[in-house]
file structure28.cif (mmCIF, C-alpha atoms)
data_coords
loop_
_atom_site.label_atom_id
_atom_site.label_comp_id
_atom_site.auth_asym_id
_atom_site.auth_seq_id
_atom_site.Cartn_x
_atom_site.Cartn_y
_atom_site.Cartn_z
CA MET A 1 56.73 -5.86 43.89
CA LEU A 2 55.26 -9.27 43.04
CA ARG A 3 51.93 -8.19 44.50
CA LEU A 4 51.96 -5.03 42.37
CA SER A 5 52.64 -7.11 39.26
CA ARG A 6 49.68 -9.34 40.04
CA ILE A 7 47.43 -6.31 40.51
CA ILE A 8 48.53 -4.87 37.17
CA ALA A 9 48.03 -8.23 35.40
CA ILE A 10 44.60 -8.77 36.90
CA SER A 11 43.58 -5.19 36.06
CA TYR A 12 44.75 -5.65 32.46
CA ILE A 13 42.79 -8.87 32.09
CA ALA A 14 39.72 -7.19 33.56
CA ILE A 15 40.00 -4.28 31.14
CA CYS A 16 40.35 -6.69 28.19
CA LEU A 17 37.30 -8.66 29.28
CA LEU A 18 35.32 -5.46 29.71
CA ALA A 19 36.37 -4.23 26.24
CA LEU A 20 35.41 -7.59 24.77
CA ALA A 21 31.98 -7.46 26.40
CA LEU A 22 31.34 -3.86 25.31
CA THR A 23 32.47 -4.65 21.77
CA ALA A 24 30.11 -7.60 21.64
CA LEU A 25 27.21 -5.45 22.84
CA PHE A 26 27.83 -2.15 21.09
CA GLY A 27 30.39 -2.75 18.36
CA PRO A 28 33.93 -1.34 18.09
CA LEU A 29 34.68 1.35 20.67
CA GLY A 30 37.14 3.22 18.50
CA TYR A 31 40.20 2.60 16.39
CA ALA A 32 42.04 -0.61 17.16
CA PRO A 33 44.68 -2.18 14.94
CA PHE A 34 43.53 -5.65 16.03
CA PRO A 35 39.77 -5.47 16.72
CA LEU A 36 38.50 -8.25 18.96
CA ILE A 37 35.27 -8.76 16.91
CA PRO A 38 35.11 -7.42 13.32
CA ALA A 39 31.96 -5.29 12.96
CA ARG A 40 30.67 -6.96 9.80
CA ALA A 41 31.18 -10.42 11.28
CA ARG A 42 28.66 -9.75 14.02
CA PRO A 43 25.19 -11.29 13.60
CA PRO A 44 22.74 -9.00 11.82
CA ILE A 45 19.59 -7.52 13.29
CA VAL A 46 16.80 -8.92 11.14
CA VAL A 47 13.82 -6.64 10.47
CA THR A 48 10.80 -8.36 8.92
CA LEU A 49 8.34 -6.01 7.24
CA TRP A 50 4.90 -7.16 6.13
CA TYR A 51 3.62 -4.75 3.50
CA SER A 52 0.70 -4.32 1.09
CA THR A 53 1.62 -5.74 -2.29
CA GLU A 54 0.93 -2.71 -4.50
CA LYS A 55 4.18 -1.14 -3.29
CA ARG A 56 6.37 -4.20 -3.92
CA GLU A 57 8.51 -2.67 -6.67
CA TRP A 58 9.22 0.51 -4.71
CA LEU A 59 10.06 -1.33 -1.49
CA GLU A 60 12.35 -3.77 -3.24
CA ALA A 61 14.18 -0.91 -4.96
CA SER A 62 14.40 1.00 -1.66
CA LYS A 63 15.67 -2.06 0.18
CA ALA A 64 18.47 -2.42 -2.37
CA ALA A 65 19.37 1.27 -1.95
CA PHE A 66 19.24 0.88 1.84
CA GLU A 67 21.62 -2.08 1.77
CA GLN A 68 24.13 -0.09 -0.26
CA THR A 69 24.51 2.27 2.72
CA ASN A 70 25.69 -0.65 4.91
CA PRO A 71 23.18 0.23 7.64
CA THR A 72 23.93 -0.69 11.23
CA TYR A 73 22.45 -0.29 14.67
CA GLY A 74 24.64 -0.67 17.75
CA GLY A 75 27.46 -1.83 15.54
CA ARG A 76 25.42 -4.68 14.05
CA PRO A 77 24.34 -4.76 10.41
CA ILE A 78 20.62 -4.37 9.65
CA GLN A 79 19.05 -7.00 7.41
CA VAL A 80 15.56 -6.34 5.99
CA GLU A 81 13.17 -9.10 4.94
CA LEU A 82 10.02 -8.20 2.98
CA LYS A 83 6.73 -10.09 2.79
CA GLY A 84 3.79 -8.87 0.70
CA LEU A 85 0.19 -9.52 1.82
CA GLY A 86 -3.23 -7.93 1.54
CA SER A 87 -3.83 -5.07 3.99
CA PRO A 88 -6.73 -6.68 5.89
CA GLU A 89 -4.78 -9.94 6.24
CA ILE A 90 -1.74 -8.10 7.59
CA ALA A 91 -3.76 -6.43 10.34
CA GLN A 92 -5.87 -9.50 11.14
CA ARG A 93 -2.88 -11.81 11.51
CA VAL A 94 -0.96 -9.38 13.71
CA ALA A 95 -3.98 -8.77 15.91
CA ARG A 96 -4.35 -12.55 16.38
CA GLU A 97 -0.60 -13.24 16.46
CA ASP A 98 -1.22 -15.68 13.64
CA TRP A 99 2.22 -16.41 12.17
CA ARG A 100 1.46 -19.77 10.49
CA GLY A 101 4.99 -21.00 11.02
CA GLU A 102 6.51 -17.90 9.42
CA THR A 103 8.81 -15.28 10.91
CA PRO A 104 6.57 -12.78 12.74
CA PRO A 105 6.83 -9.17 11.58
CA THR A 106 8.86 -6.50 13.31
CA ALA A 107 6.84 -3.81 11.52
CA ILE A 108 3.96 -3.63 9.08
CA SER A 109 2.84 -1.28 6.32
CA PRO A 110 -0.74 -1.84 5.12
CA ALA A 111 -2.10 0.43 2.42
CA SER A 112 -4.17 2.48 4.86
CA ASP A 113 -4.20 3.22 8.59
CA ILE A 114 -7.88 2.26 8.76
CA TRP A 115 -6.80 -1.35 9.28
CA LEU A 116 -4.56 -0.44 12.21
CA THR A 117 -7.36 1.31 14.08
CA MET A 118 -10.14 -1.06 13.07
CA LEU A 119 -8.34 -4.12 14.44
CA ASN A 120 -6.46 -2.45 17.32
CA VAL A 121 -3.04 -3.48 16.05
CA PRO A 122 -0.43 -3.06 18.84
CA VAL A 123 2.11 -0.42 17.79
CA SER A 124 5.09 0.92 19.71
CA GLU A 125 4.60 4.51 18.54
CA ALA A 126 2.42 6.56 16.22
CA PRO A 127 2.65 5.16 12.65
CA GLN A 128 4.06 7.46 10.00
CA PRO A 129 2.94 7.57 6.34
CA LEU A 130 5.44 6.48 3.73
CA VAL A 131 3.76 7.49 0.46
CA LEU A 132 0.33 8.53 -0.79
CA SER A 133 -1.88 7.12 -3.54
CA PRO A 134 -5.50 8.02 -4.33
CA LEU A 135 -8.10 5.57 -5.55
CA VAL A 136 -8.92 6.02 -9.24
CA VAL A 137 -11.01 4.40 -11.97
CA VAL A 138 -9.21 3.29 -15.12
CA GLY A 139 -11.04 2.68 -18.39
CA TRP A 140 -10.09 1.83 -21.96
CA ALA A 141 -10.07 4.96 -24.08
CA ASP A 142 -12.67 3.86 -26.65
CA ARG A 143 -15.15 2.78 -23.95
CA ALA A 144 -14.56 5.85 -21.81
CA LYS A 145 -15.19 8.13 -24.78
CA VAL A 146 -18.64 6.57 -25.25
CA LEU A 147 -19.63 6.66 -21.57
CA TRP A 148 -18.12 10.05 -20.81
CA PRO A 149 -17.66 11.95 -24.11
CA ASN A 150 -17.33 15.24 -22.24
CA GLY A 151 -16.01 13.85 -18.98
CA PRO A 152 -17.99 12.41 -16.04
CA LYS A 153 -21.01 14.43 -14.86
CA ASN A 154 -22.46 12.14 -12.21
CA PHE A 155 -19.52 9.81 -11.80
CA TRP A 156 -20.73 6.73 -9.90
CA HIS A 157 -24.35 7.05 -11.01
CA ASP A 158 -23.27 7.22 -14.67
CA LEU A 159 -21.32 4.02 -14.15
CA HIS A 160 -24.19 2.34 -12.27
CA ASP A 161 -26.72 3.18 -14.99
CA ALA A 162 -24.41 1.82 -17.69
CA LEU A 163 -23.84 -1.41 -15.79
CA VAL A 164 -27.54 -2.14 -15.25
CA ASN A 165 -28.51 -1.21 -18.82
CA GLN A 166 -29.62 -4.49 -20.41
CA GLY A 167 -28.78 -3.18 -23.87
CA GLY A 168 -25.07 -3.01 -23.02
CA TRP A 169 -22.70 -0.87 -25.03
CA LYS A 170 -24.95 -0.82 -28.10
CA ALA A 171 -27.67 1.00 -26.12
CA LEU A 172 -25.09 3.53 -24.97
CA GLY A 173 -23.88 4.31 -28.49
CA GLY A 174 -20.98 1.90 -28.62
CA SER A 175 -20.34 -1.20 -30.68
CA GLU A 176 -22.64 -4.19 -30.30
CA SER A 177 -19.55 -6.39 -30.35
CA TRP A 178 -18.46 -4.88 -27.02
CA GLY A 179 -21.27 -6.69 -25.25
CA PRO A 180 -22.32 -5.60 -21.74
CA VAL A 181 -20.46 -2.93 -19.77
CA LYS A 182 -17.86 -4.76 -17.67
CA PHE A 183 -16.60 -3.43 -14.34
CA GLY A 184 -14.32 -4.75 -11.62
CA HIS A 185 -12.69 -4.14 -8.26
CA THR A 186 -11.08 -6.28 -5.58
CA SER A 187 -12.84 -7.89 -2.64
CA PRO A 188 -13.57 -5.47 0.23
CA LEU A 189 -12.95 -8.34 2.65
CA THR A 190 -9.37 -8.99 1.57
CA SER A 191 -8.17 -5.84 -0.18
CA ASN A 192 -7.87 -2.23 0.92
CA SER A 193 -8.84 -0.87 -2.52
CA GLY A 194 -11.97 -3.03 -2.46
CA ALA A 195 -12.99 -1.64 0.93
CA GLN A 196 -12.28 1.90 -0.25
CA THR A 197 -14.42 1.32 -3.35
CA LEU A 198 -17.31 0.23 -1.14
CA ILE A 199 -16.94 3.34 1.01
CA LEU A 200 -17.01 5.65 -2.03
CA LEU A 201 -20.07 3.90 -3.45
CA ALA A 202 -21.91 4.35 -0.15
CA TYR A 203 -21.03 8.04 -0.09
CA ALA A 204 -22.04 8.45 -3.74
CA PHE A 205 -25.49 6.96 -3.24
CA HIS A 206 -26.17 9.27 -0.31
CA SER A 207 -24.66 12.31 -2.09
CA LYS A 208 -22.10 13.13 0.57
CA SER A 209 -18.42 12.64 1.29
CA SER A 210 -18.38 12.49 5.10
CA GLY A 211 -20.50 11.39 8.03
CA LEU A 212 -21.34 7.88 6.79
CA THR A 213 -23.68 6.21 9.30
CA THR A 214 -24.96 2.75 10.11
CA ALA A 215 -28.37 3.83 8.83
CA ASP A 216 -26.79 4.81 5.49
CA ILE A 217 -25.21 1.43 4.88
CA ASN A 218 -28.36 -0.49 5.85
CA ASP A 219 -30.64 1.64 3.66
CA PRO A 220 -32.58 -0.82 1.42
CA GLY A 221 -32.34 1.61 -1.50
CA PHE A 222 -28.57 1.71 -1.22
CA ILE A 223 -28.31 -2.07 -0.97
CA THR A 224 -30.39 -2.53 -4.13
CA TRP A 225 -28.38 0.13 -5.98
CA LEU A 226 -25.11 -1.49 -4.85
CA GLN A 227 -26.30 -4.92 -5.97
CA GLY A 228 -26.78 -3.51 -9.45
CA ILE A 229 -23.11 -2.50 -9.60
CA GLU A 230 -21.65 -5.57 -7.94
CA GLY A 231 -23.72 -7.91 -10.07
CA SER A 232 -21.61 -6.87 -13.06
CA VAL A 233 -18.31 -7.88 -11.41
CA ALA A 234 -17.14 -11.24 -12.74
CA SER A 235 -14.95 -12.00 -9.70
CA PHE A 236 -13.57 -10.16 -6.69
CA GLY A 237 -9.82 -10.72 -6.50
CA ASP A 238 -7.69 -10.50 -3.38
CA SER A 239 -4.88 -8.31 -4.74
CA THR A 240 -5.08 -4.91 -6.42
CA GLY A 241 -1.79 -5.57 -8.17
CA THR A 242 -3.05 -8.83 -9.64
CA PHE A 243 -6.31 -7.17 -10.64
CA MET A 244 -4.45 -4.36 -12.42
CA ASN A 245 -2.41 -6.95 -14.28
CA ASP A 246 -5.63 -8.70 -15.36
CA ILE A 247 -7.01 -5.41 -16.71
CA VAL A 248 -3.88 -5.00 -18.83
CA THR A 249 -3.54 -8.58 -20.06
CA LYS A 250 -7.22 -9.43 -20.59
CA GLY A 251 -8.23 -5.98 -21.76
CA PRO A 252 -11.78 -4.88 -22.63
CA SER A 253 -12.83 -8.45 -23.35
CA GLN A 254 -13.15 -8.79 -19.58
CA TYR A 255 -12.82 -5.29 -18.10
CA ASP A 256 -14.00 -1.97 -19.49
CA PHE A 257 -13.44 -0.13 -16.18
CA GLY A 258 -11.74 -1.00 -12.93
CA VAL A 259 -10.97 0.63 -9.57
CA VAL A 260 -7.27 0.62 -8.66
CA TYR A 261 -4.61 2.75 -7.01
CA GLU A 262 -3.19 5.64 -8.99
CA ASN A 263 0.35 4.30 -8.67
CA LEU A 264 -0.61 0.96 -10.26
CA ALA A 265 -2.39 2.74 -13.09
CA LEU A 266 0.71 4.83 -13.80
CA GLN A 267 3.05 1.84 -13.63
CA ASN A 268 0.98 -0.06 -16.21
CA MET A 269 0.25 2.65 -18.79
CA ASP A 270 2.90 1.56 -21.28
CA ALA A 271 2.09 -2.13 -20.90
CA ALA A 272 -1.60 -1.44 -21.50
CA GLN A 273 -0.91 0.47 -24.70
CA GLN A 274 1.44 -2.20 -25.99
CA ARG A 275 -0.83 -5.11 -25.06
CA GLN A 276 -4.22 -3.77 -26.18
CA GLY A 277 -3.26 -1.21 -28.81
CA GLN A 278 -5.05 1.64 -27.04
CA PRO A 279 -4.40 3.70 -23.92
CA LEU A 280 -6.00 3.53 -20.53
CA ARG A 281 -7.64 6.67 -19.18
CA ILE A 282 -7.53 7.64 -15.52
CA TYR A 283 -10.58 9.13 -13.81
CA TYR A 284 -10.67 10.58 -10.32
CA PRO A 285 -13.90 10.19 -8.34
CA PRO A 286 -15.43 13.53 -7.27
CA ALA A 287 -14.32 12.65 -3.75
CA THR A 288 -11.67 9.97 -3.46
CA LEU A 289 -9.77 8.25 -0.66
CA LEU A 290 -6.03 8.43 -0.15
CA SER A 291 -3.98 5.44 0.95
CA ASP A 292 -1.22 6.68 3.24
CA HIS A 293 0.78 3.43 3.58
CA PRO A 294 1.68 3.85 7.28
CA PHE A 295 4.83 2.29 8.70
CA ALA A 296 4.00 0.81 12.09
CA ALA A 297 6.69 -0.64 14.36
CA LEU A 298 4.90 -3.29 16.39
CA ASP A 299 4.70 -3.63 20.15
CA GLY A 300 4.86 -7.35 20.74
CA ALA A 301 6.65 -9.79 23.05
CA TRP A 302 8.23 -11.46 20.01
CA ILE A 303 10.18 -8.32 19.07
CA LYS A 304 13.54 -7.47 20.61
CA PRO A 305 14.34 -3.80 21.39
CA GLU A 306 17.16 -3.73 18.86
CA GLN A 307 14.82 -5.05 16.13
CA ARG A 308 12.32 -2.30 16.82
CA ALA A 309 15.07 0.32 16.75
CA ALA A 310 16.51 -1.08 13.51
CA ALA A 311 13.02 -1.05 11.97
CA LEU A 312 12.83 2.68 12.64
CA VAL A 313 16.16 3.15 10.89
CA PHE A 314 14.65 1.52 7.80
CA ARG A 315 11.47 3.59 8.17
CA ASP A 316 13.49 6.81 8.24
CA PHE A 317 15.29 5.73 5.08
CA LEU A 318 11.97 5.05 3.34
CA ARG A 319 10.89 8.59 4.21
CA SER A 320 14.23 10.06 3.12
CA ASN A 321 14.74 12.10 -0.03
CA THR A 322 16.49 9.20 -1.75
CA SER A 323 13.66 6.73 -1.28
CA GLN A 324 10.92 9.30 -1.89
CA LYS A 325 12.40 10.09 -5.30
CA LEU A 326 12.24 6.37 -6.06
CA ALA A 327 8.60 6.35 -4.94
CA LEU A 328 7.80 9.10 -7.43
CA ARG A 329 9.17 6.99 -10.26
CA TYR A 330 6.81 4.18 -9.24
CA GLY A 331 3.79 6.47 -9.36
CA PHE A 332 3.43 7.26 -5.66
CA ARG A 333 2.91 10.74 -4.29
CA PRO A 334 5.83 11.40 -1.91
CA VAL A 335 5.26 12.48 1.69
CA ASP A 336 8.54 14.41 1.55
CA PRO A 337 7.51 17.99 0.65
CA ASN A 338 10.89 18.49 -1.00
CA VAL A 339 10.06 15.91 -3.70
CA ALA A 340 7.56 17.56 -6.05
CA ILE A 341 5.42 15.47 -8.40
CA THR A 342 5.61 18.33 -10.91
CA VAL A 343 9.37 17.93 -11.40
CA ASP A 344 10.22 17.98 -15.10
CA GLU A 345 12.14 14.70 -15.45
CA ASP A 346 11.87 11.88 -17.98
CA GLY A 347 11.11 9.37 -15.23
CA ASN A 348 8.21 11.34 -13.76
CA PRO A 349 4.98 9.47 -14.63
CA PHE A 350 2.78 12.36 -13.45
CA LYS A 351 4.17 14.46 -16.29
CA LYS A 352 4.45 11.67 -18.84
CA TYR A 353 0.85 10.48 -18.52
CA ALA A 354 -0.88 13.82 -18.17
CA PRO A 355 -2.61 13.17 -21.55
CA ASN A 356 -4.13 10.03 -19.99
CA GLY A 357 -5.98 12.07 -17.38
CA VAL A 358 -3.47 12.31 -14.53
CA GLN A 359 -4.31 15.12 -12.13
CA ILE A 360 -1.69 16.88 -10.04
CA ASP A 361 -4.18 18.28 -7.57
CA ILE A 362 -6.94 16.23 -5.98
CA ALA A 363 -9.88 18.52 -5.37
CA SER A 364 -11.75 16.60 -2.71
CA GLN A 365 -11.19 13.71 -0.33
CA ALA A 366 -13.84 11.58 1.33
CA GLU A 367 -13.78 11.04 5.06
CA THR A 368 -12.74 7.62 6.32
CA PRO A 369 -15.70 6.25 8.28
CA SER A 370 -15.38 4.98 11.82
CA ALA A 371 -14.23 1.43 12.46
CA GLN A 372 -17.75 0.52 13.55
CA VAL A 373 -19.38 1.83 10.36
CA LEU A 374 -16.72 0.26 8.13
CA GLY A 375 -17.14 -3.07 9.90
CA GLY A 376 -20.90 -2.88 9.37
CA LEU A 377 -20.45 -1.97 5.70
CA LEU A 378 -18.20 -4.98 5.11
CA GLU A 379 -20.60 -7.27 6.92
CA MET A 380 -23.56 -6.00 4.89
CA TRP A 381 -21.65 -6.53 1.63
CA LYS A 382 -20.65 -10.04 2.70
CA ASN A 383 -24.20 -11.09 3.64
CA GLN A 384 -26.38 -9.20 1.16
CA VAL A 385 -24.33 -8.27 -1.89
CA LYS A 386 -21.48 -10.70 -2.49
CA ARG A 387 -22.46 -13.44 -4.89
#
call {"tool": "encode", "arguments": {"input": "structure28.cif", "output": "structure tokens"}}
result
Amino acid sequence: MLRLSRIIAISYIAICLLALALTALFGPLGYAPFPLIPARARPPIVVTLWYSTEKREWLEASKAAFEQTNPTYGGRPIQVELKGLGSPEIAQRVAREDWRGETPPTAISPASDIWLTMLNVPVSEAPQPLVLSPLVVVGWADRAKVLWPNGPKNFWHDLHDALVNQGGWKALGGSESWGPVKFGHTSPLTSNSGAQTLILLAYAFHSKSSGLTTADINDPGFITWLQGIEGSVASFGDSTGTFMNDIVTKGPSQYDFGVVYENLALQNMDAAQQRQGQPLRIYYPPATLLSDHPFAALDGAWIKPEQRAAALVFRDFLRSNTSQKLALRYGFRPVDPNVAITVDEDGNPFKKYAPNGVQIDIASQAETPSAQVLGGLLEMWKNQVKR
């Protein structure tokens, strides 16, 4: 009888220890009036996402909405940390494992997947797009009316000819007080929108929208033509968001036209009107490039399996109907087909700013060149064009 009691006691202790271990690993196993480890007291799984800065407002709003759902994985709460950087820097630092004393990322989301392929970023599975945003040109209404009174006819060439015209706005029919035609975009070396601008200019010079070659980018005629445009740029900033803010705050005294993402243009329409007393107009290049903002869970020794899995939980939330509706309000085109940009709601900027030139449909898209051609284009710009 004593032996049987010992067996029962030992078995009970073993079951308790097993339950404790399983609870520690996987969370509560079911209802228990006295849980061994409260679920919310368990250490969180921290997911660090490095993202391109133009989607800061949307990601911060989505993170707040995500946290309200009390997300967990394996019974442990998920905690998301966000860090905004330029797209090229994100990819370059991950490829080199250059953390600079900071927490390394669990996942990244540059503006475009071209940086993932160009720098061979190690990913655990195929990246998925989060939102879409085409590259556009914004211009102050009074200037745009002079340059394009009936709309653009030869988009980039019209702009080039205006920029190299020594007579400035007066020679084009505008006010002498406007001075020279002033244009801007971000640096192709540090910003995705800058690199996309360079690609579109190369296509425009060669009158095509696909099949860009090494010979095209090294064409002396193209280099000279490009120098004419870039010579008018006062400075090449690192961030598209900062550049858009400069357009709004400094106005036509420094920028008549600038190349930015559609979502940033939409977010800043009201501020531009209030600050400068006139609206901004949006113009779509005849063939533009879309930024797809891929979410890439990384494949690195510094990432634990539960971090990677928790990152995918956050990714799925960002692609959910809830977060995609938030994206629409921040001027992004949702990837969820059930969230239409034509929805008739007060918070829909695509409807609100239709008078400013917003287009629902984008007629043509340019082809993203190969990593080799893009690398050569950036190198040529760095050595022969950048001042």
call {"tool": "residues_around", "arguments": {"input": "structure28.cif", "residues": "range 93-95 of chain A", "least_positions_apart": "6", "cutoff": "7 Å", "atoms": "all atoms listed in the file", "output": "MDAnalysis selection string"}}
result
chainID A and resid 119:121
call {"tool": "atom_distance", "arguments": {"input": "structure28.cif", "atom1": "CA of Gly194 in chain A", "atom2": "CA of Pro286 in chain A"}}
result
17.6 Å
call {"tool": "closest_residue", "arguments": {"input": "structure28.cif", "among": "A:Arg275, A:Lys182, A:His293, A:Lys145", "to": "Phe332 in chain A", "atoms": "all atoms listed in the file"}}
result
A:His293
call {"tool": "residues_around", "arguments": {"input": "structure28.cif", "residues": "Ser323 in chain A", "least_positions_apart": "3", "cutoff": "9 Å", "atoms": "only C-alpha atoms", "output": "short mmCIF file (atom, residue, chain, number, x, y, z; two decimals) with C-alpha atoms, in the coordinates of the input"}}
result
data_model
loop_
_atom_site.label_atom_id
_atom_site.label_comp_id
_atom_site.auth_asym_id
_atom_site.auth_seq_id
_atom_site.Cartn_x
_atom_site.Cartn_y
_atom_site.Cartn_z
CA TRP A 58 9.22 0.51 -4.71
CA LEU A 59 10.06 -1.33 -1.49
CA ALA A 61 14.18 -0.91 -4.96
CA SER A 62 14.40 1.00 -1.66
CA ALA A 65 19.37 1.27 -1.95
CA PHE A 66 19.24 0.88 1.84
CA PHE A 317 15.29 5.73 5.08
CA LEU A 318 11.97 5.05 3.34
CA ARG A 319 10.89 8.59 4.21
CA SER A 320 14.23 10.06 3.12
CA LEU A 326 12.24 6.37 -6.06
CA ALA A 327 8.60 6.35 -4.94
CA LEU A 328 7.80 9.10 -7.43
#
call {"tool": "residues_around", "arguments": {"input": "structure28.cif", "residues": "Asp270 in chain A", "least_positions_apart": "6", "cutoff": "10 Å", "atoms": "only C-alpha atoms", "output": "PyMOL selection string"}}
result
chain A and resi 248+278-280+353
call {"tool": "residues_around", "arguments": {"input": "structure28.cif", "residues": "range 122-139 of chain A", "least_positions_apart": "5", "cutoff": "6 Å", "atoms": "only C-alpha atoms", "output": "PyMOL selection string"}}
result
chain A and resi 144+256-262+280-284+289-299+319+332-335
call {"tool": "closest_residue", "arguments": {"input": "structure28.cif", "among": "A:Gly331, A:Pro252, A:Leu378, A:Lys352", "to": "Pro88 in chain A", "atoms": "only C-alpha atoms"}}
result
A:Leu378
call {"tool": "closest_residue", "arguments": {"input": "structure28.cif", "among": "A:Thr103, A:Ser239, A:Gln68, A:Asn150", "to": "Trp302 in chain A", "atoms": "all atoms listed in the file"}}
result
A:Thr103
call {"tool": "closest_residue", "arguments": {"input": "structure28.cif", "among": "A:Thr214, A:Asn338, A:Ala272, A:Ala162", "to": "Ala371 in chain A", "atoms": "all atoms listed in the file"}}
result
A:Thr214
call {"tool": "atom_distance", "arguments": {"input": "structure28.cif", "atom1": "CA of Ile78 in chain A", "atom2": "CA of Ala311 in chain A"}}
result
8.6 Å
call {"tool": "resolve_selection", "arguments": {"input": "structure28.cif", "expression": "the PyMOL selection byres ((chain A and resi 51) around 10)", "output": "list in words"}}
result
Thr48, Leu49, Trp50, Ser52, Thr53, Glu54, Lys55, Arg56, Leu59, Leu82, Lys83, Gly84, Leu85, Gly86, Ser87, Ile90, Pro105, Ala107, Ile108, Ser109, Pro110, Ala111, His293, Pro294 and Phe295 of chain A
call {"tool": "atom_distance", "arguments": {"input": "structure28.cif", "atom1": "CA of Ala354 in chain A", "atom2": "CA of Ile341 in chain A"}}
result
11.7 Å
call {"tool": "resolve_selection", "arguments": {"input": "structure28.cif", "expression": "the PyMOL selection byres ((chain A and resi 309) around 10)", "output": "short mmCIF file (atom, residue, chain, number, x, y, z; two decimals) with C-alpha atoms, keeping the file's coordinate frame"}}
result
data_model
loop_
_atom_site.label_atom_id
_atom_site.label_comp_id
_atom_site.auth_asym_id
_atom_site.auth_seq_id
_atom_site.Cartn_x
_atom_site.Cartn_y
_atom_site.Cartn_z
CA ILE A 45 19.59 -7.52 13.29
CA VAL A 47 13.82 -6.64 10.47
CA TYR A 73 22.45 -0.29 14.67
CA GLY A 74 24.64 -0.67 17.75
CA THR A 106 8.86 -6.50 13.31
CA ALA A 297 6.69 -0.64 14.36
CA LYS A 304 13.54 -7.47 20.61
CA PRO A 305 14.34 -3.80 21.39
CA GLU A 306 17.16 -3.73 18.86
CA GLN A 307 14.82 -5.05 16.13
CA ARG A 308 12.32 -2.30 16.82
CA ALA A 310 16.51 -1.08 13.51
CA ALA A 311 13.02 -1.05 11.97
CA LEU A 312 12.83 2.68 12.64
CA VAL A 313 16.16 3.15 10.89
CA PHE A 314 14.65 1.52 7.80
CA ARG A 315 11.47 3.59 8.17
#
